[in-house]
Every structure is written in C-alpha cells, then in structure tokens.
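Enquirer: There's a structure below that I have some questions on.
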Amino acid sequence: MSYEGARFCGRCDQPLLSEESSERYDVFSPSGAGGSVIVHKKCPREPRPRQTFPSRPAAAPRLPHTDMARAGRRPTAVRGSAHRPEGPAVPVPHDITAETALWDTYADSAFDADAEPSFCWTQYAGHGPGPELLGTPDTVLEVGCGTGRALAYLAERGVKGRGIDLSSVMVGKITERWAHTGAEFVCGEVLDVLAIDTQTYDAVCSMFGAAWFVDPSRLFPLVLERLRPGGRFVFSQPPAIPGAYGPQGMYKGGFAGKAQFTYRYSYKPAVWERLLLRAGFATAKAVVVDAPTPGHIGTLIVSAQAPVRGFQVHAKD
C-alpha cells in the first residue's frame, strides 16, 4: 500500500487512511498560543493531558520541542535569552551627517603629517600578517581608508590604490600628504560611492574601517560587485565582545561633552563567514589573531574570495 499524499497521526505518527475517522487534538503552549493536530479517533497512544501554566509575569516552562513539532510549530529563540540570533538585526538609524561630523573630528586628532606609510592588519605595529593576504593585486580599493597610510604603502610598491572615506577633512589631508605615491582618495558615504563606481579591483580591504561601521548586509554585495573574478576582500577589526552581537552603538571621546556616536557591527567569526557566503562570495574565512601580549585584545581578520565568473562544472554523462 502506498501512503503518498497521506497525512499522519499527530500522536502515534501512523498514516491516517481515508477510510478511517479522525479527530482534531488541541495542543497548548505557555505563551497562550495554541495549535492542533489530526489524530486517529481511536489512537492507541493516550492523549497528553492538558497542562496549566502560571499567569504572567511568573516564568513558565515551555513545551518540549517534540511536542511543539507535533503541533506543527518550530521552536523559536526566546527574546533576550542566550539563543538571541547573531545575524543582522533591524537596521539601525545611521545619521550620515552626524557621523560625518564625528569622523571630521577624528581626522583632526588622528592624522599625523610626519607618519610614514605602513601596512598592518592588527592594532599592534609589526604584529600579524601583512599585505600577502591580498594576493598579488595590481589594483586595490580601501573602504574607510582613514589616514591613508596602508594605501600609500601599497602605492609605493606599484599597486594602483584608491581609498574611500566619509570625512572630507581626512580626505583633504591625505590627498595632499600621499600625492607623490599616486594613490587616489575619494570623499563620500561608502555605500553611495560603491553603488555608482564603475571600476573593478583585484582586491578590496578595510583595516578598522568601513567593514566595521557599515551594515554588512548592504556593504558585502556592493563590494562583491566591485571585485574582479577571483578577487579578494579582506578586513580586520576587534573581535566581538562575548554576548554582544550585531550593531553596537559607540560614543566618541568618552562619555562627557557633545554626544557624537556611530555604530559598529560585531559578530562571531562563523557568522561573518555566513554573511559573506550569503552575499555571494565563493569562500570566506574568519580568524582571531592573538595579541602579542597574552590576555590583550586580539584582532579579527576576515578573508573572502569572489567567484571565478564564467567557470562552470559540467556533470559527467
């Protein structure tokens, strides 16, 4: 006998044949949301007695997952619990005008006209991997280029570099400082610039830059569009604080004075990898590099590679 298309008893999991009578069995949950399943009218398995639960706000046990499955509902995370989703949450309200003012203020304090070109993925000078993570690119785009020292370092070694930064103050300073290297710097909101950019690059990078401060669900697809086939996207930033995932508000300059703040995005390494693969990258790897001093803050370094477009795998006959 074939059971194709048949329904199954919600108690004993045996087929409900068309000639058999059945009845609806109610299932209840502590939240008050109910459901029901179809069962044999004379099912050999005894029905589960109806449970009662204390009224709110007292806590109440949830139905076991097996019972929820019988009710046709999937278990969901409890809001505010340890099972909080770690992927992108509701978009935060970025105020680009206010954030531009913040980064202009940062430019005045962070830029050092006497500093030399330098390339370092970590916050510790001379520690960690170098530009080899980018492969051997002829062209590189840096999103959130800040002081421009990394791009100047690459440009001095023959790489055609372009940097994007939100601060017009910073872009003015670094354009003058690194003009002799041939590096190009553009002022603008990174999502807007990438959306209208027609150039493609062998590599895109961010060192404590835009990849830390821009919604990855919006940034990653745009980065992928700007990469040539097989191109690399590499970014670094501090690792997430345990239990604090998603967009995190961050004040500038402590907690006194004028309120200037922005948002940074923090996830576990595995979540960064999933976000990149979901955006269309062929591969993604996220690791935390330990600090040179034990117990100090490490550095999250994430690498991804664009698909080699046009390459197809043909099934054997």
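Ordering of the structure tokens sets the chain letters (A, B, ...), residue numbers begin anew at 1 in every chain, and ligands are numbered from 1 in the order given.
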What's the 10 Å shell around A:Phe119, counting only C-alpha atoms, without same-chain residues fewer than 5 positions away, as a list of chain:residue names?
Expert: A:Ala125, A:Gly126, A:Pro129, A:Gly130, A:Pro131, A:Gly148, A:Arg149, A:Ala150, A:Leu151, A:Ala152, A:Tyr153, A:Leu154, A:Met207
Enquirer: With only C-alpha atoms as the counted atoms, please give the residues lying no more than 8 Å from A:Lys160, apart from itself and same-chain residues fewer than 6 positions off, as a PyMOL selection string.
Expert: chain A and resi 138-140+154+182-183
Enquirer: From the set A:Ala291, A:Ala304, A:Ala259, A:Leu276, which residue has the shortest atom-to-atom contact distance to A:Cys205, counting only C-alpha atoms?
Expert: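 The closest residue to A:Cys205 is A:Ala304.
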Enquirer: Please, what distance in Å, to one decimal, runs between atom CA of A:Gly135 and atom CA of A:Ala155?
Expert: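 Spanning atom CA of A:Gly135 to atom CA of A:Ala155 is a straight-line distance of 14.8 Å.
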Enquirer: I need the residues in stretch 181-298 of chain A that are helix (DSSP H, G or I) according to DSSP; give them as an MDAnalysis selection string.
Expert: chainID A and resid 181 190:196 210:213 216:226 269:279
Enquirer: Considering only C-alpha atoms, state which residue in the set A:Arg226, A:Ala203, A:Val186, A:Tyr267 is at the smallest distance from A:Ala244.
Expert: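 So, comparing all the options, the nearest one is A:Tyr267.
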Enquirer: Using DSSP on the backbone coordinates, identify the residues of stretch 138-249 of chain A assigned to strand (DSSP E); present them as JSON, numbers by chain.
Expert: {"A": [139, 140, 141, 142, 143, 160, 161, 162, 163, 164, 165, 184, 185, 186, 187, 201, 202, 203, 204, 205, 206, 207, 227, 228, 229, 230, 231, 232, 233, 234, 235, 236, 237, 246, 247, 248, 249]}
Enquirer: Within 10 Å of A:Thr299, counting only C-alpha atoms, which residues qualify if same-chain residues fewer than 2 places away don't, as a PyMOL selection string?
Expert: chain A and resi 121-124+128+208+236-240+287-291+296-297+301-302
Enquirer: Report as a PyMOL selection string all protein, DNA and RNA residues lying within 9 Å of stretch 213-218 of chain A, evaluated on only C-alpha atoms, omitting residues in the same chain fewer than 2 positions from it.
Expert: chain A and resi 88+91-92+144+190-191+208-211+220-222+247+262-265+272+275-276+278-279
Enquirer: With C-alpha atoms retained, write the just-selected residues as a PDB file, in the first residue's frame.
Expert:
ATOM      1  CA  PRO A  88      21.871  41.156  11.038  1.00  0.00           C
ATOM      2  CA  PRO A  91      18.776  48.212  10.629  1.00  0.00           C
ATOM      3  CA  VAL A  92      19.996  50.965  12.927  1.00  0.00           C
ATOM      4  CA  GLY A 144      37.172  53.576   5.124  1.00  0.00           C
ATOM      5  CA  VAL A 190      30.864  54.199   1.090  1.00  0.00           C
ATOM      6  CA  LEU A 191      27.542  52.634   0.049  1.00  0.00           C
ATOM      7  CA  PHE A 208      39.313  49.011  11.240  1.00  0.00           C
ATOM      8  CA  GLY A 209      37.381  50.841   8.527  1.00  0.00           C
ATOM      9  CA  ALA A 210      34.041  50.675   6.746  1.00  0.00           C
ATOM     10  CA  ALA A 211      33.606  46.908   7.207  1.00  0.00           C
ATOM     11  CA  PHE A 220      29.139  42.999   1.158  1.00  0.00           C
ATOM     12  CA  PRO A 221      27.053  42.695  -2.054  1.00  0.00           C
ATOM     13  CA  LEU A 222      28.384  46.070  -3.255  1.00  0.00           C
ATOM     14  CA  PRO A 247      25.078  46.673  15.591  1.00  0.00           C
ATOM     15  CA  THR A 262      28.283  55.911  15.417  1.00  0.00           C
ATOM     16  CA  TYR A 263      27.515  52.194  15.091  1.00  0.00           C
ATOM     17  CA  ARG A 264      29.896  49.314  14.681  1.00  0.00           C
ATOM     18  CA  TYR A 265      28.996  45.736  13.720  1.00  0.00           C
ATOM     19  CA  TRP A 272      30.942  36.750   9.427  1.00  0.00           C
ATOM     20  CA  LEU A 275      27.225  36.722   5.886  1.00  0.00           C
ATOM     21  CA  LEU A 276      29.894  36.752   3.180  1.00  0.00           C
ATOM     22  CA  ARG A 278      25.169  34.697   1.706  1.00  0.00           C
ATOM     23  CA  ALA A 279      26.271  37.846  -0.168  1.00  0.00           C
TER      24      ALA A 279
END
Enquirer: How far is it from atom CA of A:Asp95 to atom CA of A:Ser168, in Å with one decimal?
Expert: 16.2 Å
Enquirer: Which residues come within 12 Å of A:Cys187, counting only C-alpha atoms, excluding same-chain residues fewer than 2 positions away, as a list in words?
Expert: Thr100, Trp103, Asp104, Val143, Gly144, Cys145, Gly146, Arg162, Gly163, Ile164, Asp165, Leu166, Ser167, Ser168, Val169, Met170, Val171, Gly172, Lys173, Ile174, Thr175, Glu184, Phe185, Glu189, Val190, Leu191, Asp192, Val193 and Leu194 of chain A
Enquirer: Ranking A:Gly231, A:Gly249, A:Pro307, A:Gly295 by minimum distance to A:His94 and counting only C-alpha atoms, which one comes first?
Expert: A:Gly249
Enquirer: Quick one: pull the distance between atom CA of A:Phe233 and atom CA of A:Ser266, Å, one decimal.
Expert: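 We find that atom CA of A:Phe233 and atom CA of A:Ser266 lie 17.5 Å from each other.
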